[in-house]
file final06.txt (compact mmCIF, C-alpha atoms)
# COMPACT_ATOMS: atom_id res chain seq x y z
CA MET A 60 26.28 14.11 9.88
CA ALA A 61 26.29 10.69 11.50
CA GLN A 62 26.37 9.06 8.07
CA ILE A 63 29.40 11.15 7.06
CA VAL A 64 31.28 10.19 10.24
CA LYS A 65 30.42 6.54 9.64
CA HIS A 66 31.81 6.66 6.07
CA ILE A 67 34.99 8.42 7.28
CA ILE A 68 35.58 5.70 9.88
CA ARG A 69 35.02 2.98 7.29
CA LEU A 70 37.47 4.63 4.89
CA SER A 71 40.07 4.97 7.64
CA VAL A 72 39.80 1.26 8.45
CA LEU A 73 40.11 0.34 4.76
CA ALA A 74 43.16 2.62 4.49
CA THR A 75 44.68 0.92 7.53
CA LEU A 76 44.12 -2.49 5.99
CA PHE A 77 45.68 -1.35 2.73
CA ALA A 78 48.70 0.07 4.49
CA HIS A 79 49.27 -3.09 6.54
CA TYR A 80 48.88 -5.45 3.60
CA THR A 81 51.03 -3.42 1.21
CA LEU A 82 53.65 -1.81 3.47
CA HIS A 83 54.14 -4.50 6.13
CA PRO A 84 53.59 -7.88 4.43
CA ALA A 85 56.55 -9.42 6.25
CA ASP A 86 54.77 -9.03 9.56
CA ALA A 87 52.08 -11.51 8.60
CA PRO A 88 52.40 -15.18 9.53
CA PHE A 89 52.74 -17.27 6.41
CA PRO A 90 49.54 -19.28 5.78
CA SER A 91 49.79 -22.97 6.52
CA SER A 92 48.48 -23.63 3.01
CA LEU A 93 47.71 -21.56 -0.04
CA GLY A 94 43.99 -22.16 0.56
CA THR A 95 44.10 -20.66 4.06
CA ALA A 96 43.05 -17.03 4.22
CA VAL A 97 44.81 -14.60 6.58
CA ASN A 98 42.47 -13.20 9.23
CA PRO A 99 42.15 -9.45 8.53
CA LEU A 100 41.79 -8.77 12.26
CA TYR A 101 45.41 -9.86 12.69
CA TRP A 102 46.51 -6.48 11.36
CA TYR A 103 44.40 -4.48 13.77
CA SER A 104 45.54 -3.00 17.02
CA PRO A 105 43.09 -3.60 19.89
CA MET A 106 41.53 -0.20 19.21
CA GLN A 107 41.18 -0.97 15.48
CA LYS A 108 39.51 -4.28 16.33
CA LYS A 109 36.96 -2.46 18.48
CA ILE A 110 36.29 0.02 15.68
CA PHE A 111 35.90 -2.80 13.13
CA LYS A 112 33.39 -4.65 15.32
CA LEU A 113 31.51 -1.40 15.97
CA ILE A 114 31.26 -0.76 12.21
CA MET A 115 30.03 -4.29 11.53
CA LYS A 116 27.43 -3.89 14.27
CA LYS A 117 26.24 -0.63 12.78
CA THR A 118 26.10 -2.26 9.35
CA LEU A 119 23.81 -4.98 10.72
CA GLU A 120 21.63 -2.32 12.34
CA ASP A 121 21.42 -0.45 9.04
CA ARG A 122 20.37 -3.60 7.19
CA ILE A 123 17.74 -4.38 9.80
CA GLN A 124 16.36 -0.84 9.56
CA ASN A 125 16.32 -1.11 5.76
CA LEU A 126 14.45 -4.42 5.96
CA THR A 127 11.91 -2.88 8.33
CA ARG A 128 11.26 -0.11 5.81
CA LEU A 129 10.96 -2.65 2.99
CA LEU A 130 8.41 -4.66 4.98
CA ASP A 131 6.32 -1.53 5.51
CA THR A 132 6.57 -0.79 1.78
CA MET A 133 5.51 -4.35 0.89
CA ARG A 134 2.43 -4.16 3.09
CA ASN A 135 1.47 -0.76 1.69
CA ILE A 136 1.90 -1.85 -1.94
CA LEU A 137 -0.01 -5.12 -1.67
CA SER A 138 -2.73 -3.79 0.61
CA THR A 139 -3.56 -0.92 -1.77
CA GLN A 140 -3.60 -3.09 -4.89
CA GLN A 141 -7.40 -3.10 -5.15
CA THR A 142 -7.55 0.70 -5.24
CA LEU A 143 -4.63 0.98 -7.64
CA ALA A 144 -6.05 -1.66 -10.00
CA GLN A 145 -9.35 0.18 -10.27
CA ASN A 146 -7.45 3.24 -11.50
CA CYS A 147 -4.72 1.57 -13.57
CA ALA A 148 -6.56 -1.31 -15.30
CA SER A 149 -7.56 -1.09 -18.96
CA ALA A 150 -10.95 0.33 -19.89
CA GLU A 151 -12.15 -3.15 -20.91
CA ALA A 152 -11.13 -4.69 -17.56
CA GLN A 153 -12.77 -1.89 -15.60
CA GLU A 154 -15.99 -2.23 -17.57
CA ALA A 155 -16.06 -6.03 -17.12
CA TYR A 156 -15.37 -5.62 -13.40
CA LYS A 157 -18.28 -3.21 -12.90
CA ILE A 158 -20.62 -5.68 -14.61
CA LEU A 159 -19.37 -8.93 -13.08
CA ILE A 160 -19.10 -7.68 -9.51
CA GLN A 161 -22.81 -6.92 -9.36
CA THR A 162 -25.23 -9.48 -7.98
CA PRO A 163 -28.07 -10.02 -10.47
CA HIS A 164 -31.55 -9.40 -9.06
CA ASP A 165 -33.44 -10.64 -12.08
CA ASP A 166 -33.74 -14.23 -13.32
CA ASP A 167 -34.60 -13.14 -16.86
CA LEU A 168 -31.33 -13.74 -18.75
CA GLU A 169 -32.67 -12.00 -21.84
CA ARG A 170 -32.90 -8.67 -20.03
CA MET A 171 -29.46 -8.88 -18.43
CA HIS A 172 -26.19 -7.56 -19.77
CA PRO A 173 -24.71 -10.26 -22.10
CA LEU A 174 -21.69 -10.68 -19.83
CA THR A 175 -23.89 -11.23 -16.78
CA SER A 176 -26.04 -13.84 -18.53
CA GLN A 177 -22.91 -15.62 -19.74
CA TYR A 178 -21.37 -16.02 -16.31
CA LEU A 179 -24.71 -17.17 -14.86
CA ARG A 180 -24.99 -19.81 -17.57
CA GLY A 181 -21.36 -20.71 -16.85
CA TYR A 182 -22.15 -21.10 -13.16
CA ALA A 183 -25.02 -23.46 -13.97
CA LEU A 184 -22.77 -25.48 -16.30
CA VAL A 185 -20.01 -25.79 -13.68
CA GLN A 186 -22.55 -27.02 -11.16
CA GLN A 187 -23.80 -29.64 -13.64
CA ILE A 188 -20.23 -30.77 -14.40
CA PHE A 189 -19.35 -31.12 -10.72
CA GLN A 190 -22.44 -33.27 -10.19
CA GLY A 191 -21.33 -35.70 -12.90
CA GLU A 192 -23.34 -34.43 -15.85
CA ASN A 193 -21.77 -33.86 -19.25
CA PRO A 194 -23.21 -30.79 -21.01
CA SER A 195 -22.37 -30.49 -24.69
CA GLN A 196 -19.10 -28.73 -25.51
CA THR A 197 -20.10 -25.99 -27.94
CA TYR A 198 -18.41 -22.65 -28.49
CA GLU A 199 -21.21 -21.03 -26.52
CA THR A 200 -21.11 -23.36 -23.49
CA VAL A 201 -17.30 -23.30 -23.31
CA ASN A 202 -17.30 -19.52 -23.55
CA ASP A 203 -19.88 -19.33 -20.75
CA VAL A 204 -17.67 -21.46 -18.49
CA VAL A 205 -14.58 -19.36 -19.29
CA THR A 206 -16.54 -16.20 -18.54
CA TYR A 207 -17.49 -17.70 -15.20
CA LEU A 208 -13.82 -18.49 -14.46
CA TYR A 209 -13.02 -14.84 -15.20
CA THR A 210 -15.84 -13.79 -12.86
CA LEU A 211 -14.55 -16.11 -10.13
CA ALA A 212 -11.06 -14.59 -10.34
CA THR A 213 -12.41 -11.04 -10.42
CA ARG A 214 -14.58 -11.54 -7.35
CA GLU A 215 -11.84 -13.38 -5.50
CA VAL A 216 -9.48 -10.37 -5.67
CA ASN A 217 -12.24 -7.74 -5.88
CA HIS A 218 -10.58 -5.56 -8.52
CA PRO A 219 -10.30 -5.38 -12.34
CA LEU A 220 -7.98 -7.89 -14.01
CA ASP A 221 -6.05 -7.49 -17.25
CA ASP A 222 -3.89 -10.59 -16.91
CA PHE A 223 -4.07 -13.41 -14.39
CA THR A 224 -3.56 -17.08 -13.59
CA LEU A 225 -6.27 -18.83 -11.59
CA VAL A 226 -5.24 -21.92 -9.60
CA VAL A 227 -8.06 -24.06 -8.22
CA ILE A 228 -7.54 -26.68 -5.52
CA ASP A 229 -9.84 -29.65 -5.07
CA GLY A 230 -12.51 -29.09 -2.49
CA ALA A 231 -14.30 -31.26 0.04
CA LEU A 232 -17.94 -32.26 0.07
CA ILE A 233 -20.30 -29.65 -1.37
CA THR A 234 -23.78 -29.40 0.11
CA THR A 235 -26.61 -27.69 -1.73
CA PRO A 236 -30.29 -27.41 -0.73
CA THR A 237 -31.05 -30.39 -2.97
CA ASN A 238 -27.89 -32.42 -3.12
CA ALA A 239 -24.46 -33.23 -1.66
CA PHE A 240 -21.50 -34.14 -3.87
CA GLU A 241 -17.75 -34.08 -4.20
CA ALA A 242 -16.25 -31.19 -6.17
CA PRO A 243 -13.17 -32.56 -7.92
CA ILE A 244 -11.95 -29.83 -10.25
CA LYS A 245 -10.64 -32.60 -12.51
CA LYS A 246 -14.19 -33.03 -13.80
CA LEU A 247 -14.10 -29.50 -15.19
CA PHE A 248 -10.62 -30.08 -16.58
CA SER A 249 -11.78 -33.24 -18.39
CA TRP A 250 -14.89 -31.47 -19.71
CA LEU A 251 -12.85 -28.62 -21.21
CA LYS A 252 -10.46 -31.12 -22.82
CA GLN A 253 -13.38 -32.67 -24.72
CA SER A 254 -14.12 -29.38 -26.50
CA PRO A 255 -13.60 -29.54 -30.29
CA SER A 256 -11.44 -26.40 -30.11
CA CYS A 257 -9.08 -27.84 -27.46
CA TYR A 258 -5.55 -28.96 -28.34
CA PRO A 259 -2.27 -29.73 -26.51
CA ARG A 260 0.21 -26.87 -26.70
CA VAL A 261 3.51 -25.64 -25.34
CA SER A 262 3.70 -23.09 -22.56
CA THR A 263 6.31 -21.28 -20.49
CA HIS A 264 4.07 -21.29 -17.42
CA PHE A 265 5.00 -23.67 -14.57
CA PRO A 266 8.16 -24.89 -16.38
CA HIS A 267 9.40 -26.79 -13.30
CA LEU A 268 6.44 -29.19 -13.47
CA PRO A 269 6.27 -32.02 -16.04
CA ILE A 270 2.78 -31.12 -17.25
CA GLN A 271 0.99 -31.10 -20.59
CA PRO A 272 -0.83 -27.77 -20.99
CA PHE A 273 -3.85 -27.43 -23.25
CA GLY A 274 -5.19 -24.53 -25.26
CA LEU A 275 -8.80 -23.79 -26.03
CA ASP A 276 -9.68 -21.24 -28.72
CA LEU A 277 -12.73 -19.06 -28.15
CA SER A 278 -12.30 -16.86 -31.20
CA ASN A 279 -14.98 -17.71 -33.73
CA THR A 280 -17.39 -15.66 -35.77
CA GLN A 281 -20.12 -16.05 -33.16
CA LEU A 282 -18.02 -14.60 -30.38
CA ARG A 283 -15.99 -11.88 -32.05
CA SER A 284 -18.89 -9.44 -32.06
CA ALA A 285 -20.16 -10.45 -28.61
CA SER A 286 -19.07 -8.94 -25.33
CA GLY A 287 -18.23 -12.59 -24.70
CA ALA A 288 -14.62 -13.16 -23.86
CA PRO A 289 -13.91 -10.53 -21.20
CA THR A 290 -11.14 -8.01 -21.91
CA LYS A 291 -10.48 -9.51 -25.34
CA LYS A 292 -9.39 -12.89 -23.98
CA LEU A 293 -10.05 -15.25 -26.87
CA HIS A 294 -8.03 -18.25 -25.67
CA LEU A 295 -7.82 -20.34 -22.50
CA LEU A 296 -4.58 -21.99 -21.39
CA PHE A 297 -5.20 -24.65 -18.75
CA GLY A 298 -3.59 -27.72 -17.26
CA GLN A 299 -3.22 -30.08 -14.32
CA LEU A 300 -0.43 -29.12 -11.88
CA THR A 301 -0.87 -31.94 -9.37
CA GLU A 302 -3.45 -34.62 -8.70
CA THR A 303 -5.66 -32.05 -6.94
CA THR A 304 -4.51 -28.70 -8.37
CA PHE A 305 -5.33 -27.16 -11.76
CA PHE A 306 -4.66 -23.82 -13.42
CA PHE A 307 -6.63 -21.69 -15.87
CA LYS A 308 -5.21 -18.68 -17.69
CA PRO A 309 -7.22 -16.62 -20.20
CA GLU A 310 -4.98 -15.25 -22.96
CA GLY A 311 -5.44 -12.98 -25.91
CA HIS A 312 -4.52 -15.54 -28.57
CA GLY A 313 -3.71 -19.21 -28.97
CA LEU A 314 -1.22 -21.00 -31.22
CA ARG A 315 -3.45 -22.24 -34.03
CA GLY A 316 -3.41 -20.28 -37.26
CA ALA A 317 -0.67 -17.95 -38.49
CA ARG A 318 -2.38 -14.77 -37.27
CA HIS A 319 -2.99 -16.06 -33.75
CA PHE A 320 0.49 -17.57 -33.56
CA LEU A 321 2.11 -14.25 -34.49
CA LEU A 322 -0.06 -12.28 -32.07
CA HIS A 323 0.64 -14.80 -29.30
CA SER A 324 4.38 -14.56 -30.06
CA GLY A 325 4.13 -10.79 -29.78
CA GLY A 326 2.46 -11.17 -26.40
CA TYR A 327 5.24 -13.51 -25.28
CA ILE A 328 7.91 -10.97 -26.27
CA ILE A 329 6.08 -8.30 -24.28
CA SER A 330 5.98 -10.62 -21.26
CA ARG A 331 9.79 -10.94 -21.48
CA ILE A 332 10.20 -7.16 -21.79
CA ARG A 333 8.20 -6.74 -18.57
CA LYS A 334 11.03 -8.37 -16.64
CA ILE A 335 13.79 -5.95 -17.76
CA SER A 336 13.61 -2.43 -16.38
CA LEU A 337 15.51 -0.73 -19.21
CA LEU A 338 13.36 -2.35 -21.91
CA ARG A 339 10.16 -1.55 -19.98
CA SER A 340 11.08 2.12 -20.01
CA LEU A 341 12.11 2.03 -23.65
CA PHE A 342 8.93 0.33 -24.90
CA LYS A 343 6.61 1.79 -22.22
CA VAL A 344 5.48 -1.64 -21.01
CA ALA A 345 4.05 -2.32 -17.55
CA SER A 346 5.99 -4.58 -15.19
CA ASP A 347 4.76 -7.91 -13.80
CA ASP A 348 3.89 -6.00 -10.62
CA HIS A 349 1.18 -3.94 -12.35
CA PRO A 350 -1.87 -3.77 -10.03
CA SER A 351 -4.21 -5.43 -12.56
CA PHE A 352 -1.84 -8.39 -13.13
CA ARG A 353 -2.09 -11.51 -10.94
CA ASN A 354 0.26 -14.18 -12.31
CA GLU A 355 2.60 -16.78 -10.85
CA VAL A 356 5.40 -14.20 -10.60
CA ILE A 357 6.92 -13.22 -7.26
CA PRO A 358 6.42 -9.47 -6.65
CA GLN A 359 9.75 -7.64 -6.76
CA ILE A 360 9.38 -6.21 -3.26
CA ILE A 361 8.86 -9.71 -1.79
CA MET A 362 11.88 -11.07 -3.66
CA LYS A 363 14.03 -8.14 -2.50
CA ILE A 364 13.08 -8.66 1.16
CA PHE A 365 13.76 -12.40 0.95
CA LYS A 366 17.21 -11.83 -0.59
CA GLU A 367 18.07 -9.34 2.16
CA LEU A 368 16.95 -11.80 4.85
CA LEU A 369 18.85 -14.65 3.21
CA ALA A 370 22.04 -12.57 3.16
CA LEU A 371 21.70 -12.09 6.92
CA ILE A 372 21.06 -15.72 7.84
CA GLU A 373 23.16 -17.66 5.29
CA ARG A 374 26.85 -16.80 4.82
CA SER A 375 27.64 -19.40 2.16
CA ALA A 376 27.26 -17.94 -1.34
CA SER A 377 26.89 -21.40 -2.89
CA GLN A 378 24.12 -22.27 -0.44
CA ARG A 379 22.35 -18.97 -1.16
CA ASN A 380 22.54 -19.68 -4.89
CA ALA A 381 21.08 -23.16 -4.37
CA ILE A 382 18.22 -21.69 -2.34
CA MET A 383 17.50 -19.01 -4.96
CA LYS A 384 17.38 -21.70 -7.63
CA ARG A 385 14.66 -23.49 -5.67
CA ILE A 386 12.84 -20.19 -5.13
CA LYS A 387 12.83 -19.59 -8.88
CA HIS A 388 10.89 -22.84 -9.38
CA HIS A 389 8.70 -23.05 -6.28
CA GLY A 390 8.32 -19.39 -5.35
CA ILE A 391 6.79 -18.07 -2.15
CA SER A 392 5.97 -21.53 -0.75
CA GLU A 393 9.70 -22.37 -0.85
CA MET A 394 10.50 -19.02 0.79
CA ILE A 395 8.27 -19.89 3.72
CA THR A 396 9.79 -23.38 4.02
CA THR A 397 13.33 -21.99 3.92
CA LEU A 398 12.70 -19.28 6.51
CA ASN A 399 10.95 -21.75 8.81
CA LEU A 400 14.06 -23.97 8.71
CA TYR A 401 16.39 -21.08 9.55
CA SER A 402 14.08 -19.82 12.29
CA THR A 403 14.89 -22.97 14.29
CA GLN A 404 18.54 -21.89 14.46
CA GLU A 405 20.07 -19.37 16.84
CA LEU A 406 19.59 -16.01 15.14
CA HIS A 407 20.04 -12.39 16.11
CA LEU A 408 16.83 -11.35 17.90
CA SER A 409 16.06 -8.55 15.44
CA VAL A 410 16.60 -10.85 12.45
CA ALA A 411 14.31 -13.50 13.95
CA GLN A 412 11.65 -10.85 14.49
CA LEU A 413 11.98 -9.67 10.89
CA ILE A 414 11.51 -13.25 9.63
CA ALA A 415 8.39 -13.64 11.78
CA THR A 416 7.02 -10.29 10.55
CA PHE A 417 7.70 -11.20 6.93
CA THR A 418 5.99 -14.61 7.10
CA THR A 419 3.05 -13.21 9.07
CA SER A 420 2.60 -10.45 6.50
CA LEU A 421 2.54 -12.99 3.67
CA GLN A 422 -0.04 -15.05 5.54
CA HIS A 423 -2.20 -11.96 5.97
CA ILE A 424 -1.86 -10.83 2.35
CA TYR A 425 -2.32 -14.18 0.63
CA ASN A 426 -4.32 -16.27 3.11
CA GLU A 427 -2.34 -18.81 5.12
CA THR A 428 -4.06 -21.82 3.52
CA THR A 429 -2.69 -20.97 0.05
CA LEU A 430 0.96 -20.43 1.01
CA SER A 431 1.87 -24.12 0.85
CA CYS A 432 1.33 -24.15 -2.95
CA ARG A 433 1.81 -20.49 -3.86
CA ILE A 434 4.46 -19.57 -6.42
CA GLY A 435 3.87 -15.85 -6.80
CA HIS A 436 0.99 -13.42 -7.19
CA GLU A 437 -1.44 -15.85 -8.83
CA ILE A 438 -5.05 -16.18 -7.66
CA ILE A 439 -5.72 -19.36 -5.66
CA CYS A 440 -9.10 -20.65 -4.53
CA THR A 441 -10.81 -23.93 -3.74
CA ALA A 442 -13.42 -25.77 -5.77
CA GLU A 443 -16.04 -24.93 -3.14
CA LYS A 444 -15.68 -21.26 -3.98
CA MET A 445 -16.43 -22.00 -7.61
CA LEU A 446 -20.00 -22.66 -6.53
CA SER A 447 -20.27 -19.84 -4.01
CA TYR A 448 -20.02 -16.92 -6.45
CA LYS A 449 -23.33 -16.33 -8.14
call {"tool": "encode", "arguments": {"input": "final06.txt", "output": "structure tokens"}}
result
Amino acid sequence: MAQIVKHIIRLSVLATLFAHYTLHPADAPFPSSLGTAVNPLYWYSPMQKKIFKLIMKKTLEDRIQNLTRLLDTMRNILSTQQTLAQNCASAEAQEAYKILIQTPHDDDLERMHPLTSQYLRGYALVQQIFQGENPSQTYETVNDVVTYLYTLATREVNHPLDDFTLVVIDGALITTPTNAFEAPIKKLFSWLKQSPSCYPRVSTHFPHLPIQPFGLDLSNTQLRSASGAPTKKLHLLFGQLTETTFFFKPEGHGLRGARHFLLHSGGYIISRIRKISLLRSLFKVASDDHPSFRNEVIPQIIMKIFKELLALIERSASQRNAIMKRIKHHGISEMITTLNLYSTQELHLSVAQLIATFTTSLQHIYNETTLSCRIGHEIICTAEKMLSYK
């Protein structure tokens, strides 16, 4: 009933405005210039002005209540992702997760599941690379390292993964029972680049950064029949984002060879369809927010909340467009920076509280230390963690 009364009052005010503008235009003071807008409140009687301000106040309250509900929804969605992913992921991802999440209790690699022995060999190779050694780049050793990267990502989020981007940040000094050494992830990047199956390639990932991505094919006759590349990932896209940050993304197919190029192109088309609701429904394709996907894409619920907050704190449409352009490139890290800037201004108390709740929720969901470089829902960890998962 209250909503009906509110709409009736709003319609009455709009009708009053229409009547004043159309029936009594001569009563209005002529603008000093064509670019000067007439203040709509000029047409109101004192009572109408009070009603207008009351409506605007209620509108702000409604938007604040809506944002509060959206924040609750965001926390519920992102906090239940582990459970949802275990039910929604593909059969291959679920099987790989069950194997890789287990801690091996036997040192005999021959008696282990092939996937387990691969990631253990990959772990040993990564440790050698970080300590300055240069193991040979064969299809087998490269595949072992890629399997370990998949294991690292899986254990970091603790749920099955069908599609993901892993970003690794340089770590500090690593101490082992026998040694202490720096862990620059660039050593692993350089080692992968030396593989005979590695080649520079184009990529639509991280388009705002002037980087040269590389592709590394894992699909050969020795690996096709193996459980090897988890969840049918037969290609690794990787690159250097900054001096201390690198990304790794297992993909189904690379760009070499007509068959792989066509299959990769098909995957690219599907990734575009994921972003359009109508096409997703038509082709029955999952969205980027699928629980088993962790890529550098801002979850829709987070983007929606940020847009609602921005509309409350920034009145200039051109300024909002400029901010959204930066968000498109730099993602969640830019959201945090922007909201921190506005939080220093004088804001409505409820709006300031919503901003604080939003940023605190993101810190809780994603880990505060990763927000400064986070674009979207990608997996971020440090080089130290690469040697902690065994």
call {"tool": "closest_atom_pairs", "arguments": {"input": "final06.txt", "of": "segment 338-417 of chain A", "to": "segment 308-320 of chain A", "cutoff": "12 Å", "atoms": "all atoms listed in the file", "output": "Markdown table"}}
result
| residue | atom | partner | partner_atom | distance |
| --- | --- | --- | --- | --- |
| A:Phe352 | CA | A:Lys308 | CA | 11.7 |
| A:Arg353 | CA | A:Lys308 | CA | 10.3 |
| A:Asn354 | CA | A:Lys308 | CA | 8.9 |
| A:Glu355 | CA | A:Lys308 | CA | 10.6 |
call {"tool": "write_last_selection", "arguments": {"input": "final06.txt", "atoms": "C-alpha atoms", "output": "compact mmCIF listing (two decimals), keeping the file's coordinate frame"}}
result
# COMPACT_ATOMS: atom_id res chain seq x y z
CA PHE A 352 -1.84 -8.39 -13.13
CA ARG A 353 -2.09 -11.51 -10.94
CA ASN A 354 0.26 -14.18 -12.31
CA GLU A 355 2.60 -16.78 -10.85
call {"tool": "residues_around", "arguments": {"input": "final06.txt", "residues": "Arg214 of chain A", "least_positions_apart": "3", "cutoff": "12 Å", "atoms": "all atoms listed in the file", "output": "ChimeraX atom specification"}}
result
/A:141,155-162,207-211,217-220,225,438-440,444-445,447-449
call {"tool": "residues_near_point", "arguments": {"input": "final06.txt", "point": "(5.6, -13.6, 6.4)", "cutoff": "10 Å", "atoms": "only C-alpha atoms", "output": "list in words"}}
result
Leu130, Ile361, Phe365, Ile391, Met394, Ile395, Leu398, Leu413, Ile414, Ala415, Thr416, Phe417, Thr418, Thr419, Ser420, Leu421, Gln422, His423, Ile424, Tyr425, Glu427 and Leu430 of chain A
call {"tool": "atom_distance", "arguments": {"input": "final06.txt", "atom1": "atom CA of Val205 of chain A", "atom2": "atom CA of Ala442 of chain A"}}
result
15.0 Å
call {"tool": "atom_distance", "arguments": {"input": "final06.txt", "atom1": "atom CA of Leu338 of chain A", "atom2": "atom CA of Ser324 of chain A"}}
result
17.2 Å
call {"tool": "residues_around", "arguments": {"input": "final06.txt", "residues": "segment 173-183 of chain A", "least_positions_apart": "5", "cutoff": "6 Å", "atoms": "all atoms listed in the file", "output": "list of chain:residue names"}}
result
A:Leu168, A:Asp203, A:Val204, A:Thr206, A:Tyr207
call {"tool": "residues_around", "arguments": {"input": "final06.txt", "residues": "Leu126 of chain A", "least_positions_apart": "3", "cutoff": "12 Å", "atoms": "only C-alpha atoms", "output": "JSON, numbers by chain"}}
result
{"A": [119, 120, 121, 122, 123, 129, 130, 131, 132, 133, 360, 361, 362, 363, 364, 365, 366, 367, 368, 369, 370, 371, 409, 410, 412, 413, 414, 416, 417]}
